[in-house]
file query-v7.cif (mmCIF, N, CA and C atoms)
data_upload
#
loop_
_atom_site.label_atom_id
_atom_site.label_comp_id
_atom_site.auth_asym_id
_atom_site.auth_seq_id
_atom_site.Cartn_x
_atom_site.Cartn_y
_atom_site.Cartn_z
N MET B 1 206.57 28.94 178.81
CA MET B 1 205.59 28.43 177.86
C MET B 1 206.29 27.48 176.90
N GLU B 2 205.67 26.38 176.66
CA GLU B 2 206.23 25.42 175.71
C GLU B 2 206.00 25.88 174.28
N ASN B 3 206.95 25.55 173.44
CA ASN B 3 206.86 25.83 172.00
C ASN B 3 206.73 27.31 171.66
N MET B 4 207.11 28.17 172.60
CA MET B 4 207.08 29.60 172.31
C MET B 4 208.27 29.94 171.42
N LYS B 5 208.06 30.79 170.47
CA LYS B 5 209.10 31.17 169.54
C LYS B 5 209.14 32.70 169.43
N ILE B 6 210.32 33.25 169.48
CA ILE B 6 210.48 34.69 169.32
C ILE B 6 210.96 34.95 167.90
N GLU B 7 210.28 35.83 167.22
CA GLU B 7 210.63 36.20 165.85
C GLU B 7 210.67 37.72 165.74
N GLY B 8 211.25 38.19 164.70
CA GLY B 8 211.27 39.63 164.46
C GLY B 8 212.57 40.07 163.83
N HIS B 9 212.62 41.33 163.52
CA HIS B 9 213.80 41.93 162.92
C HIS B 9 214.06 43.23 163.66
N ILE B 10 215.29 43.63 163.69
CA ILE B 10 215.67 44.84 164.40
C ILE B 10 215.95 45.95 163.38
N TRP B 11 215.74 47.18 163.80
CA TRP B 11 216.11 48.33 162.99
C TRP B 11 216.53 49.44 163.94
N MET B 12 217.28 50.36 163.42
CA MET B 12 217.71 51.53 164.18
C MET B 12 216.90 52.72 163.69
N ASP B 13 216.50 53.54 164.64
CA ASP B 13 215.72 54.73 164.33
C ASP B 13 216.28 55.84 165.21
N THR B 14 216.98 56.80 164.63
CA THR B 14 217.61 57.86 165.41
C THR B 14 216.63 59.01 165.65
N PRO B 15 216.90 59.83 166.66
CA PRO B 15 216.05 61.00 166.91
C PRO B 15 215.98 61.94 165.71
N GLY B 16 217.04 61.93 164.89
CA GLY B 16 217.06 62.79 163.70
C GLY B 16 216.27 62.25 162.53
N GLY B 17 215.74 61.02 162.65
CA GLY B 17 214.91 60.46 161.60
C GLY B 17 215.57 59.40 160.73
N LEU B 18 216.85 59.08 160.98
CA LEU B 18 217.52 58.04 160.20
C LEU B 18 216.98 56.67 160.60
N LYS B 19 216.58 55.90 159.60
CA LYS B 19 216.07 54.56 159.84
C LYS B 19 216.92 53.57 159.04
N ILE B 20 217.44 52.54 159.74
CA ILE B 20 218.23 51.50 159.09
C ILE B 20 217.71 50.15 159.56
N GLY B 21 217.29 49.34 158.60
CA GLY B 21 216.88 47.97 158.87
C GLY B 21 217.71 47.04 157.99
N ARG B 22 217.27 45.79 157.90
CA ARG B 22 218.04 44.81 157.14
C ARG B 22 218.23 45.20 155.67
N GLY B 23 217.19 45.69 155.02
CA GLY B 23 217.28 46.04 153.61
C GLY B 23 218.24 47.19 153.35
N ARG B 24 218.14 48.22 154.15
CA ARG B 24 219.03 49.37 153.98
C ARG B 24 220.47 49.01 154.34
N ALA B 25 220.62 48.20 155.39
CA ALA B 25 221.97 47.76 155.77
C ALA B 25 222.59 46.93 154.64
N MET B 26 221.79 46.05 154.04
CA MET B 26 222.30 45.24 152.94
C MET B 26 222.71 46.14 151.77
N LEU B 27 221.90 47.16 151.47
CA LEU B 27 222.22 48.09 150.39
C LEU B 27 223.53 48.81 150.68
N LEU B 28 223.70 49.31 151.90
CA LEU B 28 224.94 49.98 152.27
C LEU B 28 226.14 49.03 152.14
N GLU B 29 225.97 47.81 152.63
CA GLU B 29 227.05 46.84 152.56
C GLU B 29 227.45 46.56 151.11
N LEU B 30 226.47 46.40 150.25
CA LEU B 30 226.75 46.11 148.84
C LEU B 30 227.37 47.30 148.12
N ILE B 31 226.96 48.51 148.47
CA ILE B 31 227.59 49.70 147.89
C ILE B 31 229.05 49.75 148.32
N GLY B 32 229.31 49.46 149.59
CA GLY B 32 230.68 49.42 150.07
C GLY B 32 231.52 48.38 149.36
N ARG B 33 230.91 47.25 149.05
CA ARG B 33 231.64 46.15 148.40
C ARG B 33 231.82 46.40 146.91
N THR B 34 230.79 46.92 146.23
CA THR B 34 230.84 47.03 144.77
C THR B 34 231.24 48.42 144.27
N GLY B 35 231.03 49.44 145.09
CA GLY B 35 231.32 50.80 144.66
C GLY B 35 230.28 51.34 143.69
N SER B 36 229.10 50.69 143.66
CA SER B 36 228.08 51.07 142.69
C SER B 36 226.68 50.90 143.28
N ILE B 37 225.88 51.95 143.22
CA ILE B 37 224.49 51.86 143.67
C ILE B 37 223.72 50.95 142.72
N ALA B 38 223.97 51.08 141.43
CA ALA B 38 223.26 50.25 140.45
C ALA B 38 223.55 48.76 140.67
N GLU B 39 224.82 48.42 140.90
CA GLU B 39 225.19 47.02 141.11
C GLU B 39 224.62 46.52 142.44
N ALA B 40 224.68 47.35 143.47
CA ALA B 40 224.12 46.97 144.77
C ALA B 40 222.62 46.72 144.65
N ALA B 41 221.93 47.57 143.91
CA ALA B 41 220.49 47.39 143.70
C ALA B 41 220.22 46.10 142.94
N ARG B 42 221.00 45.82 141.91
CA ARG B 42 220.80 44.60 141.12
C ARG B 42 220.99 43.36 141.98
N ILE B 43 222.07 43.32 142.74
CA ILE B 43 222.37 42.15 143.57
C ILE B 43 221.30 41.94 144.63
N SER B 44 220.84 43.02 145.22
CA SER B 44 219.86 42.92 146.31
C SER B 44 218.43 42.73 145.82
N GLY B 45 218.20 42.95 144.54
CA GLY B 45 216.85 42.82 144.00
C GLY B 45 215.98 44.03 144.26
N ILE B 46 216.60 45.13 144.65
CA ILE B 46 215.87 46.38 144.87
C ILE B 46 215.88 47.17 143.57
N PRO B 47 214.73 47.66 143.13
CA PRO B 47 214.75 48.49 141.91
C PRO B 47 215.70 49.68 142.09
N TYR B 48 216.41 50.02 141.03
CA TYR B 48 217.42 51.08 141.09
C TYR B 48 216.84 52.38 141.64
N ARG B 49 215.68 52.75 141.15
CA ARG B 49 215.06 54.01 141.60
C ARG B 49 214.79 53.97 143.10
N ARG B 50 214.31 52.84 143.59
CA ARG B 50 214.04 52.68 145.02
C ARG B 50 215.34 52.73 145.82
N ALA B 51 216.40 52.12 145.31
CA ALA B 51 217.69 52.16 145.99
C ALA B 51 218.17 53.60 146.14
N TRP B 52 218.02 54.38 145.07
CA TRP B 52 218.41 55.79 145.13
C TRP B 52 217.58 56.55 146.15
N GLU B 53 216.29 56.27 146.20
CA GLU B 53 215.42 56.92 147.19
C GLU B 53 215.87 56.58 148.61
N MET B 54 216.23 55.33 148.83
CA MET B 54 216.70 54.90 150.15
C MET B 54 217.99 55.63 150.52
N ILE B 55 218.92 55.74 149.58
CA ILE B 55 220.18 56.44 149.83
C ILE B 55 219.93 57.91 150.12
N ARG B 56 219.09 58.55 149.31
CA ARG B 56 218.79 59.97 149.53
C ARG B 56 218.17 60.19 150.91
N GLU B 57 217.25 59.31 151.30
CA GLU B 57 216.60 59.46 152.60
C GLU B 57 217.59 59.24 153.74
N MET B 58 218.43 58.20 153.63
CA MET B 58 219.42 57.96 154.68
C MET B 58 220.38 59.13 154.79
N ASN B 59 220.86 59.64 153.65
CA ASN B 59 221.76 60.79 153.67
C ASN B 59 221.10 62.02 154.26
N LYS B 60 219.82 62.20 153.99
CA LYS B 60 219.09 63.37 154.48
C LYS B 60 218.99 63.37 156.00
N TYR B 61 218.74 62.20 156.59
CA TYR B 61 218.49 62.14 158.03
C TYR B 61 219.70 61.73 158.86
N ALA B 62 220.80 61.38 158.23
CA ALA B 62 222.02 61.03 158.96
C ALA B 62 222.72 62.30 159.42
N ALA B 63 223.52 62.16 160.46
CA ALA B 63 224.28 63.31 160.97
C ALA B 63 225.20 63.87 159.89
N THR B 64 225.83 62.98 159.14
CA THR B 64 226.63 63.35 157.96
C THR B 64 226.33 62.31 156.88
N LEU B 65 226.71 62.58 155.67
CA LEU B 65 226.41 61.67 154.56
C LEU B 65 226.92 60.26 154.82
N LEU B 66 226.13 59.27 154.43
CA LEU B 66 226.53 57.87 154.55
C LEU B 66 227.13 57.35 153.24
N VAL B 67 226.61 57.86 152.13
CA VAL B 67 227.07 57.44 150.80
C VAL B 67 227.34 58.70 149.99
N VAL B 68 228.48 58.71 149.31
CA VAL B 68 228.79 59.80 148.39
C VAL B 68 229.01 59.22 147.00
N LYS B 69 228.60 59.97 146.02
CA LYS B 69 228.74 59.56 144.63
C LYS B 69 229.70 60.52 143.96
N SER B 70 230.67 59.96 143.28
CA SER B 70 231.59 60.81 142.53
C SER B 70 231.32 60.60 141.05
N VAL B 71 231.30 61.68 140.32
CA VAL B 71 231.08 61.62 138.89
C VAL B 71 232.37 61.13 138.26
N GLY B 72 232.23 60.13 137.42
CA GLY B 72 233.43 59.50 136.87
C GLY B 72 233.81 60.03 135.51
N GLY B 73 234.95 59.66 135.12
CA GLY B 73 235.43 60.01 133.79
C GLY B 73 235.17 58.86 132.85
N ARG B 74 236.20 58.29 132.33
CA ARG B 74 236.11 57.24 131.32
C ARG B 74 235.34 56.01 131.80
N ASP B 75 235.56 55.61 133.05
CA ASP B 75 234.93 54.40 133.56
C ASP B 75 233.63 54.65 134.30
N GLY B 76 233.16 55.87 134.31
CA GLY B 76 231.91 56.18 135.00
C GLY B 76 232.13 56.56 136.44
N GLY B 77 231.04 56.81 137.14
CA GLY B 77 231.11 57.26 138.52
C GLY B 77 231.32 56.12 139.49
N ARG B 78 231.44 56.48 140.73
CA ARG B 78 231.64 55.51 141.79
C ARG B 78 230.91 56.01 143.03
N SER B 79 230.33 55.08 143.77
CA SER B 79 229.69 55.41 145.04
C SER B 79 230.47 54.75 146.16
N THR B 80 230.66 55.49 147.23
CA THR B 80 231.42 54.96 148.35
C THR B 80 230.72 55.26 149.66
N LEU B 81 230.96 54.39 150.63
CA LEU B 81 230.50 54.65 151.98
C LEU B 81 231.47 55.61 152.64
N THR B 82 230.93 56.56 153.36
CA THR B 82 231.77 57.47 154.13
C THR B 82 232.16 56.77 155.43
N ASP B 83 233.01 57.40 156.21
CA ASP B 83 233.35 56.86 157.52
C ASP B 83 232.08 56.70 158.35
N GLU B 84 231.19 57.68 158.26
CA GLU B 84 229.91 57.61 158.99
C GLU B 84 229.07 56.44 158.48
N GLY B 85 229.06 56.22 157.18
CA GLY B 85 228.32 55.10 156.61
C GLY B 85 228.84 53.77 157.12
N ARG B 86 230.16 53.64 157.19
CA ARG B 86 230.75 52.41 157.73
C ARG B 86 230.44 52.26 159.21
N ARG B 87 230.46 53.36 159.95
CA ARG B 87 230.17 53.32 161.38
C ARG B 87 228.73 52.90 161.64
N VAL B 88 227.80 53.49 160.91
CA VAL B 88 226.38 53.16 161.07
C VAL B 88 226.14 51.70 160.68
N LEU B 89 226.74 51.25 159.60
CA LEU B 89 226.59 49.86 159.17
C LEU B 89 227.15 48.91 160.22
N SER B 90 228.30 49.23 160.77
CA SER B 90 228.90 48.40 161.81
C SER B 90 228.01 48.34 163.06
N MET B 91 227.44 49.47 163.43
CA MET B 91 226.55 49.52 164.58
C MET B 91 225.32 48.65 164.34
N PHE B 92 224.75 48.74 163.14
CA PHE B 92 223.58 47.91 162.81
C PHE B 92 223.94 46.43 162.87
N ARG B 93 225.07 46.06 162.28
CA ARG B 93 225.49 44.65 162.28
C ARG B 93 225.59 44.12 163.71
N LYS B 94 226.20 44.91 164.60
CA LYS B 94 226.35 44.49 166.00
C LYS B 94 224.99 44.32 166.66
N LEU B 95 224.12 45.30 166.51
CA LEU B 95 222.78 45.20 167.09
C LEU B 95 222.03 44.00 166.54
N ASN B 96 222.14 43.78 165.25
CA ASN B 96 221.44 42.66 164.62
C ASN B 96 221.98 41.32 165.13
N LEU B 97 223.30 41.21 165.26
CA LEU B 97 223.91 39.99 165.78
C LEU B 97 223.45 39.74 167.22
N ASP B 98 223.44 40.79 168.04
CA ASP B 98 222.97 40.65 169.42
C ASP B 98 221.51 40.18 169.45
N PHE B 99 220.70 40.72 168.58
CA PHE B 99 219.28 40.33 168.54
C PHE B 99 219.13 38.88 168.09
N GLU B 100 219.88 38.47 167.08
CA GLU B 100 219.82 37.08 166.61
C GLU B 100 220.27 36.12 167.72
N GLN B 101 221.30 36.49 168.48
CA GLN B 101 221.74 35.65 169.59
C GLN B 101 220.68 35.60 170.68
N PHE B 102 220.02 36.72 170.95
CA PHE B 102 218.93 36.75 171.92
C PHE B 102 217.81 35.79 171.51
N LYS B 103 217.43 35.83 170.24
CA LYS B 103 216.38 34.93 169.76
C LYS B 103 216.78 33.47 169.95
N LYS B 104 218.04 33.17 169.66
CA LYS B 104 218.51 31.79 169.80
C LYS B 104 218.47 31.33 171.25
N VAL B 105 218.98 32.19 172.15
CA VAL B 105 218.98 31.84 173.58
C VAL B 105 217.55 31.69 174.10
N ALA B 106 216.66 32.55 173.64
CA ALA B 106 215.27 32.50 174.09
C ALA B 106 214.60 31.20 173.66
N HIS B 107 215.06 30.60 172.59
CA HIS B 107 214.46 29.35 172.09
C HIS B 107 215.00 28.13 172.81
N ASP B 108 216.19 28.28 173.42
CA ASP B 108 216.79 27.13 174.12
C ASP B 108 216.12 26.83 175.43
#
call {"tool": "encode", "arguments": {"input": "query-v7.cif", "output": "structure tokens"}}
result
Amino acid sequence: MENMKIEGHIWMDTPGGLKIGRGRAMLLELIGRTGSIAEAARISGIPYRRAWEMIREMNKYAATLLVVKSVGGRDGGRSTLTDEGRRVLSMFRKLNLDFEQFKKVAHD
């Protein structure tokens, strides 16, 4: 078909109920980079409360925790991605890249 265009976004949905799409992946990536849920929410434009809900839901349905928060002392707390969080994020990035390449090839 001429002028056909394939569009869409990919997400992962595990049998256990974990759902990761572009927004959640971006949040995880920013938490990994900044060490802060609040900063990740600010950068991504996600309201802080919503970001926390997303983290709680991902942690609830993941095989093991994706994000852990440590209570801080003088400088405050810190949030970090666990090994599982990094693994899930890496898997999503690969799937997303494959899908973007598929869309490009389909348009050629």
call {"tool": "closest_atom_pairs", "arguments": {"input": "query-v7.cif", "of": "region 11-72 of chain B", "to": "region 91-97 of chain B", "cutoff": "8 Å", "atoms": "only N, CA and C atoms", "output": "tab-separated table"}}
result
residue	atom	partner	partner_atom	distance
B:Trp11	C	B:Phe92	CA	7.3
B:Met12	N	B:Phe92	CA	6.8
B:Ile20	C	B:Phe92	CA	7.1
B:Gly21	C	B:Phe92	CA	7.6
B:Ala25	CA	B:Phe92	CA	7.2
call {"tool": "closest_residue", "arguments": {"input": "query-v7.cif", "among": "B:Glu39, B:Leu18, B:Leu28, B:His9", "to": "Val67 (chain B)", "atoms": "only N, CA and C atoms"}}
result
B:Leu28
call {"tool": "select_by_dssp", "arguments": {"input": "query-v7.cif", "residues": "chain B", "states": "strand (DSSP E or B)", "output": "JSON, numbers by chain"}}
result
{"B": [12, 13, 19, 20, 67, 68, 69, 70, 71, 72, 73, 76, 77, 78, 79, 80, 81]}
call {"tool": "resolve_selection", "arguments": {"input": "query-v7.cif", "expression": "the PyMOL selection byres (((chain B and resi 103 and name CA) around 12) and name CA)", "output": "PyMOL selection string"}}
result
chain B and resi 4-10+96-102+104-108
call {"tool": "select_by_dssp", "arguments": {"input": "query-v7.cif", "residues": "chain B", "states": "alpha helix (DSSP H)", "output": "compact mmCIF listing (two decimals) with N, CA and C atoms, in the frame of the given file"}}
result
# COMPACT_ATOMS: atom_id res chain seq x y z
N ARG B 22 217.27 45.79 157.90
CA ARG B 22 218.04 44.81 157.14
C ARG B 22 218.23 45.20 155.67
N GLY B 23 217.19 45.69 155.02
CA GLY B 23 217.28 46.04 153.61
C GLY B 23 218.24 47.19 153.35
N ARG B 24 218.14 48.22 154.15
CA ARG B 24 219.03 49.37 153.98
C ARG B 24 220.47 49.01 154.34
N ALA B 25 220.62 48.20 155.39
CA ALA B 25 221.97 47.76 155.77
C ALA B 25 222.59 46.93 154.64
N MET B 26 221.79 46.05 154.04
CA MET B 26 222.30 45.24 152.94
C MET B 26 222.71 46.14 151.77
N LEU B 27 221.90 47.16 151.47
CA LEU B 27 222.22 48.09 150.39
C LEU B 27 223.53 48.81 150.68
N LEU B 28 223.70 49.31 151.90
CA LEU B 28 224.94 49.98 152.27
C LEU B 28 226.14 49.03 152.14
N GLU B 29 225.97 47.81 152.63
CA GLU B 29 227.05 46.84 152.56
C GLU B 29 227.45 46.56 151.11
N LEU B 30 226.47 46.40 150.25
CA LEU B 30 226.75 46.11 148.84
C LEU B 30 227.37 47.30 148.12
N ILE B 31 226.96 48.51 148.47
CA ILE B 31 227.59 49.70 147.89
C ILE B 31 229.05 49.75 148.32
N GLY B 32 229.31 49.46 149.59
CA GLY B 32 230.68 49.42 150.07
C GLY B 32 231.52 48.38 149.36
N ARG B 33 230.91 47.25 149.05
CA ARG B 33 231.64 46.15 148.40
C ARG B 33 231.82 46.40 146.91
N THR B 34 230.79 46.92 146.23
CA THR B 34 230.84 47.03 144.77
C THR B 34 231.24 48.42 144.27
N ILE B 37 225.88 51.95 143.22
CA ILE B 37 224.49 51.86 143.67
C ILE B 37 223.72 50.95 142.72
N ALA B 38 223.97 51.08 141.43
CA ALA B 38 223.26 50.25 140.45
C ALA B 38 223.55 48.76 140.67
N GLU B 39 224.82 48.42 140.90
CA GLU B 39 225.19 47.02 141.11
C GLU B 39 224.62 46.52 142.44
N ALA B 40 224.68 47.35 143.47
CA ALA B 40 224.12 46.97 144.77
C ALA B 40 222.62 46.72 144.65
N ALA B 41 221.93 47.57 143.91
CA ALA B 41 220.49 47.39 143.70
C ALA B 41 220.22 46.10 142.94
N ARG B 42 221.00 45.82 141.91
CA ARG B 42 220.80 44.60 141.12
C ARG B 42 220.99 43.36 141.98
N ILE B 43 222.07 43.32 142.74
CA ILE B 43 222.37 42.15 143.57
C ILE B 43 221.30 41.94 144.63
N SER B 44 220.84 43.02 145.22
CA SER B 44 219.86 42.92 146.31
C SER B 44 218.43 42.73 145.82
N TYR B 48 216.41 50.02 141.03
CA TYR B 48 217.42 51.08 141.09
C TYR B 48 216.84 52.38 141.64
N ARG B 49 215.68 52.75 141.15
CA ARG B 49 215.06 54.01 141.60
C ARG B 49 214.79 53.97 143.10
N ARG B 50 214.31 52.84 143.59
CA ARG B 50 214.04 52.68 145.02
C ARG B 50 215.34 52.73 145.82
N ALA B 51 216.40 52.12 145.31
CA ALA B 51 217.69 52.16 145.99
C ALA B 51 218.17 53.60 146.14
N TRP B 52 218.02 54.38 145.07
CA TRP B 52 218.41 55.79 145.13
C TRP B 52 217.58 56.55 146.15
N GLU B 53 216.29 56.27 146.20
CA GLU B 53 215.42 56.92 147.19
C GLU B 53 215.87 56.58 148.61
N MET B 54 216.23 55.33 148.83
CA MET B 54 216.70 54.90 150.15
C MET B 54 217.99 55.63 150.52
N ILE B 55 218.92 55.74 149.58
CA ILE B 55 220.18 56.44 149.83
C ILE B 55 219.93 57.91 150.12
N ARG B 56 219.09 58.55 149.31
CA ARG B 56 218.79 59.97 149.53
C ARG B 56 218.17 60.19 150.91
N GLU B 57 217.25 59.31 151.30
CA GLU B 57 216.60 59.46 152.60
C GLU B 57 217.59 59.24 153.74
N MET B 58 218.43 58.20 153.63
CA MET B 58 219.42 57.96 154.68
C MET B 58 220.38 59.13 154.79
N ASN B 59 220.86 59.64 153.65
CA ASN B 59 221.76 60.79 153.67
C ASN B 59 221.10 62.02 154.26
N LYS B 60 219.82 62.20 153.99
CA LYS B 60 219.09 63.37 154.48
C LYS B 60 218.99 63.37 156.00
N TYR B 61 218.74 62.20 156.59
CA TYR B 61 218.49 62.14 158.03
C TYR B 61 219.70 61.73 158.86
N ASP B 83 233.01 57.40 156.21
CA ASP B 83 233.35 56.86 157.52
C ASP B 83 232.08 56.70 158.35
N GLU B 84 231.19 57.68 158.26
CA GLU B 84 229.91 57.61 158.99
C GLU B 84 229.07 56.44 158.48
N GLY B 85 229.06 56.22 157.18
CA GLY B 85 228.32 55.10 156.61
C GLY B 85 228.84 53.77 157.12
N ARG B 86 230.16 53.64 157.19
CA ARG B 86 230.75 52.41 157.73
C ARG B 86 230.44 52.26 159.21
N ARG B 87 230.46 53.36 159.95
CA ARG B 87 230.17 53.32 161.38
C ARG B 87 228.73 52.90 161.64
N VAL B 88 227.80 53.49 160.91
CA VAL B 88 226.38 53.16 161.07
C VAL B 88 226.14 51.70 160.68
N LEU B 89 226.74 51.25 159.60
CA LEU B 89 226.59 49.86 159.17
C LEU B 89 227.15 48.91 160.22
N SER B 90 228.30 49.23 160.77
CA SER B 90 228.90 48.40 161.81
C SER B 90 228.01 48.34 163.06
N MET B 91 227.44 49.47 163.43
CA MET B 91 226.55 49.52 164.58
C MET B 91 225.32 48.65 164.34
N PHE B 92 224.75 48.74 163.14
CA PHE B 92 223.58 47.91 162.81
C PHE B 92 223.94 46.43 162.87
N ARG B 93 225.07 46.06 162.28
CA ARG B 93 225.49 44.65 162.28
C ARG B 93 225.59 44.12 163.71
N LYS B 94 226.20 44.91 164.60
CA LYS B 94 226.35 44.49 166.00
C LYS B 94 224.99 44.32 166.66
N LEU B 95 224.12 45.30 166.51
CA LEU B 95 222.78 45.20 167.09
C LEU B 95 222.03 44.00 166.54
N ASN B 96 222.14 43.78 165.25
CA ASN B 96 221.44 42.66 164.62
C ASN B 96 221.98 41.32 165.13
N LEU B 97 223.30 41.21 165.26
CA LEU B 97 223.91 39.99 165.78
C LEU B 97 223.45 39.74 167.22
N ASP B 98 223.44 40.79 168.04
CA ASP B 98 222.97 40.65 169.42
C ASP B 98 221.51 40.18 169.45
N PHE B 99 220.70 40.72 168.58
CA PHE B 99 219.28 40.33 168.54
C PHE B 99 219.13 38.88 168.09
N GLU B 100 219.88 38.47 167.08
CA GLU B 100 219.82 37.08 166.61
C GLU B 100 220.27 36.12 167.72
N GLN B 101 221.30 36.49 168.48
CA GLN B 101 221.74 35.65 169.59
C GLN B 101 220.68 35.60 170.68
N PHE B 102 220.02 36.72 170.95
CA PHE B 102 218.93 36.75 171.92
C PHE B 102 217.81 35.79 171.51
N LYS B 103 217.43 35.83 170.24
CA LYS B 103 216.38 34.93 169.76
C LYS B 103 216.78 33.47 169.95
N LYS B 104 218.04 33.17 169.66
CA LYS B 104 218.51 31.79 169.80
C LYS B 104 218.47 31.33 171.25
N VAL B 105 218.98 32.19 172.15
CA VAL B 105 218.98 31.84 173.58
C VAL B 105 217.55 31.69 174.10
N ALA B 106 216.66 32.55 173.64
CA ALA B 106 215.27 32.50 174.09
C ALA B 106 214.60 31.20 173.66
N HIS B 107 215.06 30.60 172.59
CA HIS B 107 214.46 29.35 172.09
C HIS B 107 215.00 28.13 172.81
call {"tool": "atom_distance", "arguments": {"input": "query-v7.cif", "atom1": "CA of Thr64 (chain B)", "atom2": "CA of Tyr48 (chain B)"}}
result
22.8 Å
call {"tool": "atom_distance", "arguments": {"input": "query-v7.cif", "atom1": "CA of Gly23 (chain B)", "atom2": "CA of Asn3 (chain B)"}}
result
29.2 Å
call {"tool": "closest_residue", "arguments": {"input": "query-v7.cif", "among": "B:Asp13, B:Gly77, B:Arg86, B:Ala62", "to": "Ser36 (chain B)", "atoms": "all atoms listed in the file"}}
result
B:Gly77
call {"tool": "axis_aligned_box", "arguments": {"input": "query-v7.cif", "around": "region 11-16 of chain B", "padding_each_side": "4 Å", "output": "lines of an AutoDock Vina configuration file"}}
result
center_x = 216.7
center_y = 55.0
center_z = 164.7
size_x = 10.0
size_y = 23.6
size_z = 12.4
call {"tool": "resolve_selection", "arguments": {"input": "query-v7.cif", "expression": "the PyMOL selection byres ((chain B and resi 51-59) around 8)", "output": "ChimeraX atom specification"}}
result
/B:17-20,24,27,37-38,40-41,46-50,60-67
call {"tool": "atom_distance", "arguments": {"input": "query-v7.cif", "atom1": "CA of Glu29 (chain B)", "atom2": "CA of Leu81 (chain B)"}}
result
8.6 Å
